[in-house]
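Peer 1: Here you go, one structure.
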Number of protein chains: 6
Amino acid sequence: MYQELTKFSAATLHEALGKTGNLPSAIKPIAPGMKVCGRAYTVQTIPGDNKIIHHAYAQAQPGDVLVVSCSGYYEAGYWGDLMSLGAKTRGINGLVIDACVRDADDIEAMGFPVFSRGLCIRGTSSLEGGTLNEPIVIGEVVVHPGDIVVGDRDGVVIIPKDRIEEVIEKATAREAREEWVREQLRQGKTSIEIYGW
Amino acid sequence: MYQELTKFSAATLHEALGKTGNLPSAIKPIAPGMKVCGRAYTVQTIPGDNKIIHHAYAQAQPGDVLVVSCSGYYEAGYWGDLMSLGAKTRGINGLVIDACVRDADDIEAMGFPVFSRGLCIRGTSSLEGGTLNEPIVIGEVVVHPGDIVVGDRDGVVIIPKDRIEEVIEKATAREAREEWVREQLRQGKTSIEIYGW
Amino acid sequence: MYQELTKFSAATLHEALGKTGNLPSAIKPIAPGMKVCGRAYTVQTIPGDNKIIHHAYAQAQPGDVLVVSCSGYYEAGYWGDLMSLGAKTRGINGLVIDACVRDADDIEAMGFPVFSRGLCIRGTSSLEGGTLNEPIVIGEVVVHPGDIVVGDRDGVVIIPKDRIEEVIEKATAREAREEWVREQLRQGKTSIEIYGW
Amino acid sequence: MYQELTKFSAATLHEALGKTGNLPSAIKPIAPGMKVCGRAYTVQTIPGDNKIIHHAYAQAQPGDVLVVSCSGYYEAGYWGDLMSLGAKTRGINGLVIDACVRDADDIEAMGFPVFSRGLCIRGTSSLEGGTLNEPIVIGEVVVHPGDIVVGDRDGVVIIPKDRIEEVIEKATAREAREEWVREQLRQGKTSIEIYGW
Amino acid sequence: MYQELTKFSAATLHEALGKTGNLPSAIKPIAPGMKVCGRAYTVQTIPGDNKIIHHAYAQAQPGDVLVVSCSGYYEAGYWGDLMSLGAKTRGINGLVIDACVRDADDIEAMGFPVFSRGLCIRGTSSLEGGTLNEPIVIGEVVVHPGDIVVGDRDGVVIIPKDRIEEVIEKATAREAREEWVREQLRQGKTSIEIYGW
Amino acid sequence: MYQELTKFSAATLHEALGKTGNLPSAIKPIAPGMKVCGRAYTVQTIPGDNKIIHHAYAQAQPGDVLVVSCSGYYEAGYWGDLMSLGAKTRGINGLVIDACVRDADDIEAMGFPVFSRGLCIRGTSSLEGGTLNEPIVIGEVVVHPGDIVVGDRDGVVIIPKDRIEEVIEKATAREAREEWVREQLRQGKTSIEIYGW
């Protein structure tokens with residue numbers, strides 16, 4: 001049912017959530033046109049290490065989106081073309097990571113959606129540590145396993161799993177209202193007049 | 001007459017102004033190829049609120065460019081597709097904002113030029129506050145109502161309204177000089193030789 | 001011989017170097033698809049001044065890549081279309097600069113590869129000062145004259161001139177290994193299984 | 001019972017929590033020697049507005065510590081001498097705020113503990129908005145109403161209210177262990193030897 | 001007459017100005033207890049150079065405060081003990097600089113008030129360039145020659161020279177009002193009750 | 001012989017080095033009055049881990065100063081009271097770290113000089129990795145084992161081990177010159193007059 005969320009933009013869903021759920025704006029698609037939607041499979045790495053992310057895509061379910069916090073250490077490429085291939089092959093829907101990745105050309109060619117703080121060639125270590133599928137914090141948002149992630153060019157929003165229906169309803173209403181506003185605007189009215197401010 | 005400024009790049013106009021007028025380099029077009037030119041209609045919002053910007057495009061004149069300071073709070077989408085539609089319908093030439101916007105896909109499709117610090121889905125409030133068409137400060141530049149704004153891929157420059165003629169003259173001279181330098185360079189001379197350093 | 005390095009991505013070369021040589025991730029190509037490879041001709045400017053860079057491209061050899069530190073002052077356009085024309089005419093392979101540049105449209109049209117922290121219209125001065133072809137520091141990397149620079153969409157790596165052969169060998173081995181891993185991944189194995197973690 | 005927590009440093013409590021609960025290190029006491037301990041009364045303001053904080057100290061209980069998120073807008077003085085006087089009079093134990101405050105001299109003289117990102121004279125507005133005593137996020141920590149806040153020169157830690165006993169126990173054990181290590185160190189042993197690494 | 005301004009805190013004067021005039025909060029006294037008040041003698045340096053500041057204190061009048069913008073290049077020590085001695089000897093009241101200084105111990109011992117972004121040992125050059133006693137921009141404030149500068153522990157405020165009387169009046173009224181509020185607070189009333197919110 | 005360097009300030013030594021050797025200004029003493037001088041024992045940690053620093057103070061010689069790069073991950077307390085006790089007991093002269101530390105009260109009481117980017121309670125891991133006594137890069141400076149470190153309130157400077165004599169000579173000359181300038185300044189001359197600019 002959450003697939004219906006793909007009809008809406010991340011911004012609209014954020015509004016439908018009462019202006020919550022927005023990840024930091026620095027997290028953006030690595031290539032034009034990339035969009036993502038799926039159930040969050042949450043990961044927390046130790047700084048500069050990506051072994052736990054290998055475990056993550058091995059254990060996540062088809063349709064999941066990996067959502068990864070790297071404990072505030074952004075300047076490394078925690079993900080690349082091999083991991084994208086592995087994850088895609090297993091049906092993972094995409095990656096949202098609060099840090100950098102690398103191999104952007106190959107990932108884009110593969111059509112695997114990745115949202116990150118940017119691209120960085122610095123390699124990671126392969127130590128042990130981190131958590132899988134436990135609540136994590138990114139920016140001002142707590143992401144729980146199973147929450148729905150929606151990302152587009154404007155940014156990424158996290159929808160709590162028990163609010164999906166409510167959000168779809170509110171987003172639908174908002175879009176209808178906006179369509180009506182659009183009509184008024186096209187006739188030359190200002191938003192001040194339309195909203196009666 | 002200021003329309004003649006569109007013949008020059010923002011960088012050239014900045015040089016013609018004696019290396020002044022440059023807005024912070026973080027303010028960039030939200031889509032490739034976007035350019036803007038027009039009279040500044042200045043706006044100052046309270047942090048995180050965009051109601052005054054609705055007033056702004058309702059009161060600005062065709063040909064104006066909204067130039068908006070958000071009091072240093074960047075992490076919100078102060079502007080979106082509806083406002084773009086409203087502003088465009090009323091003949092506004094574009095938006096330059098020292099903060100973020102959202103709905104980039106729709107705005108790009110509409111062909112409404114927007115220069116911002118980036119894209120952010122976080123919504124704004126609709127309170128009262130801010131100023132309209134009074135001098136504002138962005139980076140190291142004081143923008144007065146009626147100054148001319150020129151923006152391209154490289155950045156945005158503000159030309160004081162009483163210096164337009166002077167700037168066009170100097171920019172024209174600079175371009176002529178540069179064309180000559182270009183010729184010398186093509187012949188293999190170095191700038192050290194050309195400028196006699 | 002170093003031309004063989006162009007067969008590898010910057011990330012692969014960084015790994016072949018034992019995870020060293022990576023410049024700060026903020027330094028990126030100014031246009032999609034730009035790549036660079038060549039011998040480093042190193043430059044250190046005084047803050048906000050670019051005269052020494054004019055000297056640099058006049059003295060560098062065909063095949064060189066200018067690698068420029070601006071002493072930590074990023075917010076200026078130290079390089080533009082004229083310098084690109086001059087450098088390209090003299091066979092310079094490209095520019096990597098730890099600061100901003102301008103005239104991106106013209107530089108892109110010219111096909112001269114530039115890697116920078118971004119675009120900025122603020123002009124520079126033409127004073128005396130700085131160093132030519134001496135070791136410089138960018139981020140965590142010491143760049144020596146004659147080191148090899150390789151840059152692509154993911155970032156820039158510096159290969160010490162006396163490690164070229166070793167790096168090519170290790171990068172080649174890494175790619176072979178990765179090709180084999182790719183095969184395993186396509187069959188649905190996870191990296192955990194493949195690496196025997 | 002939570003008062004026993006004051007026997008431990010914030011760093012020790014953070015370790016006893018399994019290395020969690022640490023607020024961003026930018027949040028520090030505004031004067032040397034300030035320490036704070038108490039139950040969190042949580043507040044979320046709209047950016048640049050402090051009216052809700054007035055409500056907070058009016059409704060909080062003696063012994064509470066106000067813990068305030070300002071939605072990422074740091075550059076304002078959300079709290080000053082009058083509010084400190086009002087809060088202190090009503091038995092509030094202190095303030096931890098993810099933004100700036102002002103009137104540091106008066107607050108220090110009053111002996112009211114304040115932990116902030118720094119001092120800023122910029123005034124706030126008095127609009128409506130924000131939340132009282134609901135969970136908030138600061139840095140990587142979710143703060144629930146009633147959690148225990150402990151702050152000292154090193155920083156601030158949040159202890160979930162249902163883990164107080166456990167934390168005291170672990171912190172006590174840690175201190176005992178550290179006292180023993182200290183003895184070994186004084187005899188000239190290295191930590192490598194002591195820990196058997 | 002402007003000396004009367006020293007009776008008020010920078011925060012109070014900022015409020016009396018209608019919440020304007022505040023310099024960025026990163027600019028702070030380099031030692032506890034430092035305060036400054038005087039007429040602004042404005043200076044703009046080229047990045048990383050301090051020669052113009054030598055000219056400034058040679059030409060400023062006793063009672064002036066040097067207010068210096070360094071064009072956004074903060075990481076240098078533009079001012080030190082010798083300049084402090086020279087300026088103090090000539091009756092200059094202090095320095096407010098949007099960058100760093102050095103020799104803090106000696107300056108503190110001398111009792112010459114300096115407000116800066118911090119301390120930095122990096123030396124400056126001695127080239128030509130910059131402006132003297134022309135309007136400059138620091139943060140969101142335009143500083144005109146002759147404006148009054150007031151700085152204390154909380155920060156720095158700029159009072160336009162033609163608003164001194166108005167500001168003193170409003171600040172006096174504000175303090176009286178605050179004294180009355182203080183009385184109410186001591187009796188246990190909350191600000192919500194006092195302001196009738 | 002390098003002990004003679006303690007007669008000079010870090011800023012003076014930086015000037016004597018031809019304006020080189022300065023570490024980033026964010027690295028400062030954690031308590032007023034702390035100074036440090038000694039031979040650099042260099043350390044590079046993996047991000048967020050401090051085990052290698054335990055090895056470092058076990059292997060360094062009396063009189064050494066640990067100089068530590070943490071690979072760009074600042075937000076952790078890599079050093080505390082126990083390590084200070086251990087290092088001090090073994091005659092280590094101090095610590096300069098490009099990251100944060102904790103237990104500032106105890107360290108200050110112990111009189112062990114620590115220079116860091118600040119204080120942070122976040123704990124570190126105890127994995128394997130990093131380097132000991134090899135060249136490292138901090139900011140724009142390459143630190144070699146055995147170089148001399150001098151730090152005071154203004155900041156930290158690194159003096160290459162083969163330039164000590166030269167630096168002492170130049171610093172001595174500089175101080176003599178400055179003493180003479182001081183005399184001139186006290187007589188009311190300006191630096192413009194003194195330097196004959």
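Going by the structure tokens order, chains are called A, B, ..., each with residues numbered from 1, while ligands are numbered from 1 in the order shown.
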Specify as a ChimeraX atom specification all residues of chain F found within 7 Å of chain E, counting only C-alpha atoms.
Peer 2: /F:10-11,15,19,22,25,154-155,182,185-186,188,190-192
Peer 1: Could you save the residues just selected, with all heavy atoms, as a CSV table (one decimal), in the first residue's frame?
Peer 2:
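Saved the output as part-v9.csv:
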chain,number,residue,atom,x,y,z
F,10,ALA,N,54.5,31.4,19.9
F,10,ALA,CA,54.2,30.6,18.7
F,10,ALA,C,54.1,31.5,17.5
F,10,ALA,O,54.6,31.2,16.4
F,10,ALA,CB,52.9,29.9,18.9
F,11,ALA,N,53.6,32.7,17.7
F,11,ALA,CA,53.4,33.7,16.5
F,11,ALA,C,54.8,34.1,16.1
F,11,ALA,O,55.1,34.2,14.8
F,11,ALA,CB,52.6,34.9,16.9
F,15,GLU,N,56.6,33.5,12.4
F,15,GLU,CA,57.2,34.5,11.5
F,15,GLU,C,58.7,34.2,11.2
F,15,GLU,O,59.1,34.4,10.0
F,15,GLU,CB,57.1,35.9,12.2
F,15,GLU,CG,55.7,36.5,12.4
F,15,GLU,CD,55.2,37.0,11.0
F,15,GLU,OE1,55.9,37.2,10.1
F,15,GLU,OE2,53.9,37.1,10.9
F,19,LYS,N,56.7,32.6,7.9
F,19,LYS,CA,55.2,32.5,7.9
F,19,LYS,C,54.7,31.1,7.5
F,19,LYS,O,53.8,30.9,6.7
F,19,LYS,CB,54.5,33.5,7.0
F,19,LYS,CG,54.8,35.0,7.4
F,19,LYS,CD,54.0,35.9,6.4
F,19,LYS,CE,54.5,37.3,6.6
F,19,LYS,NZ,54.3,38.0,7.9
F,22,ASN,N,52.2,26.9,10.9
F,22,ASN,CA,51.0,27.2,11.7
F,22,ASN,C,50.0,26.1,11.6
F,22,ASN,O,49.5,25.9,10.5
F,22,ASN,CB,50.4,28.6,11.4
F,22,ASN,CG,50.1,28.7,10.0
F,22,ASN,OD1,51.0,28.7,9.1
F,22,ASN,ND2,48.9,29.0,9.6
F,25,SER,N,43.9,27.3,13.4
F,25,SER,CA,43.6,28.1,14.6
F,25,SER,C,42.6,27.5,15.5
F,25,SER,O,42.5,27.9,16.6
F,25,SER,CB,43.2,29.5,14.2
F,25,SER,OG,41.9,29.6,13.6
F,154,ASP,N,47.9,31.7,21.6
F,154,ASP,CA,47.6,32.1,20.3
F,154,ASP,C,47.5,30.9,19.3
F,154,ASP,O,46.8,31.1,18.2
F,154,ASP,CB,48.7,33.0,19.8
F,154,ASP,CG,48.6,34.4,20.4
F,154,ASP,OD1,47.5,34.8,20.9
F,154,ASP,OD2,49.6,35.1,20.4
F,155,GLY,N,48.1,29.8,19.6
F,155,GLY,CA,48.0,28.7,18.6
F,155,GLY,C,49.3,27.8,18.7
F,155,GLY,O,50.1,27.9,19.6
F,182,ARG,N,58.7,49.1,19.5
F,182,ARG,CA,57.8,49.4,20.7
F,182,ARG,C,58.2,50.7,21.3
F,182,ARG,O,57.3,51.5,21.7
F,182,ARG,CB,58.1,48.2,21.7
F,182,ARG,CG,56.8,47.7,22.4
F,182,ARG,CD,57.0,46.5,23.2
F,182,ARG,NE,56.6,45.3,22.5
F,182,ARG,CZ,57.3,44.2,22.2
F,182,ARG,NH1,58.6,44.2,22.5
F,182,ARG,NH2,56.8,43.2,21.5
F,185,LEU,N,56.9,53.4,19.1
F,185,LEU,CA,55.4,53.5,19.3
F,185,LEU,C,55.1,54.3,20.5
F,185,LEU,O,54.1,55.1,20.6
F,185,LEU,CB,54.8,52.1,19.3
F,185,LEU,CG,54.8,51.4,18.0
F,185,LEU,CD1,54.4,49.9,18.2
F,185,LEU,CD2,53.9,52.0,16.9
F,186,ARG,N,55.8,54.0,21.6
F,186,ARG,CA,55.5,54.6,22.9
F,186,ARG,C,55.7,56.1,22.8
F,186,ARG,O,55.1,56.9,23.5
F,186,ARG,CB,56.4,54.1,24.0
F,186,ARG,CG,56.0,52.7,24.5
F,186,ARG,CD,56.6,52.3,25.8
F,186,ARG,NE,56.4,50.8,26.0
F,186,ARG,CZ,57.3,50.0,25.7
F,186,ARG,NH1,58.5,50.3,25.3
F,186,ARG,NH2,57.1,48.7,25.9
F,188,GLY,N,54.8,57.8,20.3
F,188,GLY,CA,53.7,58.3,19.6
F,188,GLY,C,53.9,58.2,18.1
F,188,GLY,O,53.0,58.7,17.3
F,190,THR,N,53.8,56.4,14.4
F,190,THR,CA,52.9,55.3,13.9
F,190,THR,C,53.8,54.3,13.2
F,190,THR,O,54.9,54.6,12.8
F,190,THR,CB,51.9,55.9,12.9
F,190,THR,OG1,52.6,56.4,11.7
F,190,THR,CG2,51.1,57.0,13.5
F,191,SER,N,53.3,53.1,12.9
F,191,SER,CA,54.1,52.1,12.2
F,191,SER,C,54.3,52.6,10.8
F,191,SER,O,55.4,52.2,10.2
F,191,SER,CB,53.3,50.8,12.2
F,191,SER,OG,51.9,51.0,12.0
F,192,ILE,N,53.4,53.4,10.3
F,192,ILE,CA,53.7,53.9,8.9
F,192,ILE,C,55.0,54.7,8.9
F,192,ILE,O,55.8,54.5,8.0
F,192,ILE,CB,52.5,54.8,8.5
F,192,ILE,CG1,51.2,54.0,8.5
F,192,ILE,CG2,52.7,55.4,7.1
F,192,ILE,CD1,51.1,52.8,7.5
Peer 1: Asp162 in chain D: which residues within 12 Å, counting only C-alpha atoms, same-chain residues fewer than 3 positions away excluded, as a list in words?
Peer 2: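 The residues that qualify are Met1, Tyr2, Leu17, His144, Pro145, Gly146, Asp147, Ile148, Ile158, Ile159, Glu165, Glu166, Val167 and Ile168 of chain D.
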Peer 1: Return chain A as a short mmCIF file (atom, residue, chain, number, x, y, z; two decimals) with C-alpha atoms, in the first residue's frame, after superposing it on chain D by a least-squares fit that covers all C-alpha atoms paired in order.
Peer 2:
data_model
loop_
_atom_site.label_atom_id
_atom_site.label_comp_id
_atom_site.auth_asym_id
_atom_site.auth_seq_id
_atom_site.Cartn_x
_atom_site.Cartn_y
_atom_site.Cartn_z
CA MET A 1 17.39 9.13 43.27
CA TYR A 2 18.70 10.62 40.04
CA GLN A 3 20.57 13.16 42.18
CA GLU A 4 23.19 10.48 42.69
CA LEU A 5 24.12 11.03 39.05
CA THR A 6 25.83 14.28 40.05
CA LYS A 7 28.65 12.20 41.48
CA PHE A 8 29.73 11.30 37.96
CA SER A 9 31.07 13.30 35.06
CA ALA A 10 29.03 13.60 31.86
CA ALA A 11 31.72 11.58 30.08
CA THR A 12 31.51 8.74 32.59
CA LEU A 13 27.71 8.62 32.31
CA HIS A 14 27.96 8.58 28.52
CA GLU A 15 30.26 5.56 28.78
CA ALA A 16 27.94 3.87 31.28
CA LEU A 17 25.14 4.33 28.73
CA GLY A 18 27.12 2.31 26.20
CA LYS A 19 28.50 5.43 24.51
CA THR A 20 25.13 7.06 23.84
CA GLY A 21 23.23 10.12 25.02
CA ASN A 22 25.87 12.73 24.15
CA LEU A 23 24.58 16.08 22.88
CA PRO A 24 26.64 17.92 20.21
CA SER A 25 29.94 19.11 21.67
CA ALA A 26 29.17 22.69 20.63
CA ILE A 27 26.75 22.88 23.57
CA LYS A 28 28.82 24.01 26.55
CA PRO A 29 28.44 25.88 29.86
CA ILE A 30 28.48 29.67 29.35
CA ALA A 31 30.77 30.17 32.35
CA PRO A 32 33.56 28.14 33.97
CA GLY A 33 32.45 25.76 36.68
CA MET A 34 28.79 25.56 35.69
CA LYS A 35 27.22 22.14 36.15
CA VAL A 36 23.65 20.99 35.74
CA CYS A 37 21.54 17.98 36.70
CA GLY A 38 17.78 17.47 36.57
CA ARG A 39 14.73 16.07 34.82
CA ALA A 40 14.36 17.21 31.23
CA TYR A 41 11.45 19.50 30.47
CA THR A 42 11.60 19.51 26.68
CA VAL A 43 10.83 22.44 24.41
CA GLN A 44 10.83 22.94 20.65
CA THR A 45 10.70 26.53 19.41
CA ILE A 46 9.94 27.82 15.96
CA PRO A 47 13.09 29.38 14.49
CA GLY A 48 14.03 32.72 16.05
CA ASP A 49 11.14 32.82 18.52
CA ASN A 50 11.23 32.28 22.28
CA LYS A 51 7.66 32.67 23.50
CA ILE A 52 7.24 28.95 24.06
CA ILE A 53 10.25 29.00 26.40
CA HIS A 54 8.43 31.50 28.60
CA HIS A 55 5.57 29.01 28.77
CA ALA A 56 8.05 26.25 29.51
CA TYR A 57 9.53 27.66 32.68
CA ALA A 58 6.06 28.66 33.84
CA GLN A 59 4.88 25.08 33.59
CA ALA A 60 7.98 23.09 34.48
CA GLN A 61 8.42 21.72 37.98
CA PRO A 62 11.11 22.60 40.51
CA GLY A 63 14.11 20.40 39.77
CA ASP A 64 13.44 20.36 36.04
CA VAL A 65 16.03 21.38 33.46
CA LEU A 66 14.71 23.05 30.32
CA VAL A 67 16.07 21.26 27.24
CA VAL A 68 15.38 23.30 24.14
CA SER A 69 15.69 22.69 20.41
CA CYS A 70 15.36 25.80 18.23
CA SER A 71 14.77 23.99 14.93
CA GLY A 72 18.31 24.57 13.73
CA TYR A 73 18.38 28.36 13.94
CA TYR A 74 21.24 29.06 16.34
CA GLU A 75 22.04 32.74 15.74
CA ALA A 76 19.77 34.39 18.32
CA GLY A 77 19.72 35.00 22.05
CA TYR A 78 16.70 32.93 23.06
CA TRP A 79 17.29 33.33 26.79
CA GLY A 80 18.53 36.11 29.06
CA ASP A 81 18.76 37.46 32.57
CA LEU A 82 15.03 38.02 33.13
CA MET A 83 14.14 34.48 32.11
CA SER A 84 16.96 33.17 34.28
CA LEU A 85 15.60 35.09 37.24
CA GLY A 86 12.08 33.85 36.59
CA ALA A 87 13.18 30.25 36.15
CA LYS A 88 15.49 30.28 39.13
CA THR A 89 12.82 31.78 41.35
CA ARG A 90 10.54 28.91 40.42
CA GLY A 91 13.13 26.29 41.22
CA ILE A 92 14.14 25.36 37.70
CA ASN A 93 17.58 23.72 37.79
CA GLY A 94 19.02 25.07 34.58
CA LEU A 95 18.84 25.38 30.81
CA VAL A 96 20.33 23.33 27.98
CA ILE A 97 19.65 24.92 24.60
CA ASP A 98 20.75 24.01 21.07
CA ALA A 99 21.22 27.68 20.14
CA CYS A 100 22.57 30.86 21.75
CA VAL A 101 21.66 33.00 24.78
CA ARG A 102 22.61 36.49 26.06
CA ASP A 103 23.16 38.46 29.29
CA ALA A 104 25.93 36.05 30.29
CA ASP A 105 27.35 38.30 33.02
CA ASP A 106 24.03 38.56 34.85
CA ILE A 107 23.24 34.88 34.44
CA GLU A 108 26.66 33.91 35.77
CA ALA A 109 26.28 36.27 38.74
CA MET A 110 22.91 34.67 39.45
CA GLY A 111 24.45 31.19 39.47
CA PHE A 112 21.84 29.79 37.11
CA PRO A 113 23.46 27.06 34.98
CA VAL A 114 23.07 27.57 31.22
CA PHE A 115 24.51 25.34 28.50
CA SER A 116 24.36 26.75 24.96
CA ARG A 117 26.11 27.01 21.60
CA GLY A 118 27.39 30.42 22.64
CA LEU A 119 26.30 34.00 23.23
CA CYS A 120 24.37 36.12 20.73
CA ILE A 121 22.69 39.49 21.20
CA ARG A 122 20.20 39.08 18.33
CA GLY A 123 16.69 39.34 19.76
CA THR A 124 13.87 36.87 19.19
CA SER A 125 10.23 37.36 18.24
CA SER A 126 7.23 36.59 20.45
CA LEU A 127 4.93 34.67 18.15
CA GLU A 128 2.97 31.51 18.82
CA GLY A 129 4.33 28.09 17.97
CA GLY A 130 6.46 25.21 19.14
CA THR A 131 5.88 22.25 21.45
CA LEU A 132 6.10 21.64 25.20
CA ASN A 133 7.16 18.44 26.92
CA GLU A 134 7.14 16.26 23.84
CA PRO A 135 10.12 14.25 22.58
CA ILE A 136 12.70 16.37 20.74
CA VAL A 137 15.88 15.59 18.83
CA ILE A 138 19.20 17.33 19.51
CA GLY A 139 22.15 16.10 17.50
CA GLU A 140 21.90 12.31 17.53
CA VAL A 141 19.88 12.10 20.73
CA VAL A 142 16.13 11.84 21.28
CA VAL A 143 15.26 13.59 24.54
CA HIS A 144 12.05 12.46 26.25
CA PRO A 145 10.31 14.47 28.96
CA GLY A 146 11.59 13.23 32.29
CA ASP A 147 14.93 11.95 31.04
CA ILE A 148 17.81 13.06 33.22
CA VAL A 149 20.20 15.75 31.96
CA VAL A 150 23.74 15.97 33.29
CA GLY A 151 26.11 18.66 32.08
CA ASP A 152 29.59 19.78 33.01
CA ARG A 153 32.59 21.42 31.37
CA ASP A 154 33.09 18.49 29.00
CA GLY A 155 29.53 18.49 27.65
CA VAL A 156 25.98 17.26 28.20
CA VAL A 157 24.54 13.75 28.40
CA ILE A 158 20.90 12.61 28.42
CA ILE A 159 20.05 9.55 30.53
CA PRO A 160 16.75 7.81 29.69
CA LYS A 161 14.59 7.84 32.79
CA ASP A 162 14.25 4.06 32.90
CA ARG A 163 18.00 3.48 32.88
CA ILE A 164 19.04 5.59 35.85
CA GLU A 165 19.72 2.73 38.21
CA GLU A 166 21.62 0.76 35.60
CA VAL A 167 23.71 3.78 34.72
CA ILE A 168 24.62 4.56 38.32
CA GLU A 169 25.71 0.98 38.78
CA LYS A 170 27.83 0.92 35.66
CA ALA A 171 29.31 4.33 36.33
CA THR A 172 30.25 3.25 39.85
CA ALA A 173 31.93 0.15 38.52
CA ARG A 174 33.74 2.16 35.88
CA GLU A 175 35.06 4.60 38.43
CA ALA A 176 36.32 1.80 40.63
CA ARG A 177 38.05 0.24 37.67
CA GLU A 178 39.53 3.59 36.69
CA GLU A 179 40.82 4.18 40.19
CA TRP A 180 42.67 0.88 39.95
CA VAL A 181 44.04 1.80 36.50
CA ARG A 182 45.15 5.14 37.90
CA GLU A 183 47.16 3.30 40.52
CA GLN A 184 48.85 1.19 37.88
CA LEU A 185 49.60 4.23 35.75
CA ARG A 186 51.18 6.03 38.68
CA GLN A 187 53.56 3.08 38.99
CA GLY A 188 54.68 3.71 35.45
CA LYS A 189 52.72 0.98 33.66
CA THR A 190 51.23 1.81 30.27
CA SER A 191 47.60 1.28 29.38
CA ILE A 192 48.80 -1.25 26.81
CA GLU A 193 50.20 -3.35 29.65
CA ILE A 194 47.30 -2.72 32.00
CA TYR A 195 44.60 -3.68 29.51
CA GLY A 196 46.69 -6.54 28.15
CA TRP A 197 46.36 -5.27 24.56
#
Peer 1: Per DSSP on the backbone, what are the alpha helix (DSSP H) residues of range 9-187 of chain D, as a short mmCIF file (atom, residue, chain, number, x, y, z; two decimals) with C-alpha atoms, in the first residue's frame?
Peer 2:
data_model
loop_
_atom_site.label_atom_id
_atom_site.label_comp_id
_atom_site.auth_asym_id
_atom_site.auth_seq_id
_atom_site.Cartn_x
_atom_site.Cartn_y
_atom_site.Cartn_z
CA ALA D 10 29.03 13.60 31.88
CA ALA D 11 31.72 11.58 30.08
CA THR D 12 31.51 8.73 32.59
CA LEU D 13 27.70 8.62 32.32
CA HIS D 14 27.97 8.58 28.52
CA GLU D 15 30.25 5.55 28.77
CA ALA D 16 27.93 3.88 31.29
CA LYS D 51 7.65 32.66 23.49
CA ILE D 52 7.25 28.96 24.05
CA ILE D 53 10.25 29.00 26.39
CA HIS D 54 8.43 31.50 28.58
CA HIS D 55 5.57 29.01 28.76
CA ALA D 56 8.06 26.25 29.51
CA TYR D 57 9.52 27.67 32.67
CA ALA D 58 6.05 28.67 33.84
CA GLN D 59 4.86 25.07 33.58
CA ASP D 81 18.75 37.47 32.56
CA LEU D 82 15.01 38.02 33.13
CA MET D 83 14.13 34.50 32.11
CA SER D 84 16.95 33.18 34.28
CA LEU D 85 15.59 35.09 37.24
CA GLY D 86 12.07 33.84 36.60
CA ALA D 87 13.17 30.26 36.15
CA LYS D 88 15.49 30.29 39.13
CA THR D 89 12.81 31.78 41.36
CA ALA D 104 25.92 36.06 30.28
CA ASP D 105 27.32 38.32 33.01
CA ASP D 106 24.01 38.57 34.83
CA ILE D 107 23.24 34.89 34.44
CA GLU D 108 26.65 33.93 35.76
CA ALA D 109 26.26 36.27 38.73
CA MET D 110 22.90 34.67 39.45
CA ILE D 164 19.04 5.57 35.87
CA GLU D 165 19.72 2.71 38.22
CA GLU D 166 21.63 0.75 35.61
CA VAL D 167 23.70 3.78 34.73
CA ILE D 168 24.62 4.55 38.33
CA GLU D 169 25.70 0.97 38.79
CA LYS D 170 27.83 0.89 35.66
CA ALA D 171 29.31 4.32 36.33
CA THR D 172 30.25 3.25 39.85
CA ALA D 173 31.92 0.12 38.53
CA ARG D 174 33.73 2.14 35.88
CA GLU D 175 35.06 4.59 38.44
CA ALA D 176 36.31 1.77 40.64
CA ARG D 177 38.05 0.22 37.67
CA GLU D 178 39.52 3.57 36.68
CA GLU D 179 40.81 4.15 40.19
CA TRP D 180 42.66 0.86 39.94
CA VAL D 181 44.04 1.78 36.50
CA ARG D 182 45.17 5.11 37.90
CA GLU D 183 47.17 3.27 40.53
CA GLN D 184 48.86 1.17 37.86
CA LEU D 185 49.61 4.22 35.74
CA ARG D 186 51.19 6.01 38.68
#
Peer 1: Could you please write out, as a list of chain:residue names, every residue of range 82-154 of chain D that DSSP assigns to strand (DSSP E)?
Peer 2: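 Listing strand (DSSP E) positions across range 82-154 of chain D yields D:Gly94, D:Leu95, D:Val96, D:Ile97, D:Asp98, D:Cys100, D:Val101, D:Val114, D:Phe115, D:Ser116, D:Gly118, D:Leu119, D:Thr131, D:Leu132, D:Ile136, D:Val137, D:Ile138, D:Val141, D:Val142, D:Val143, D:Ile148, D:Val149, D:Val150, D:Gly151, D:Asp152.
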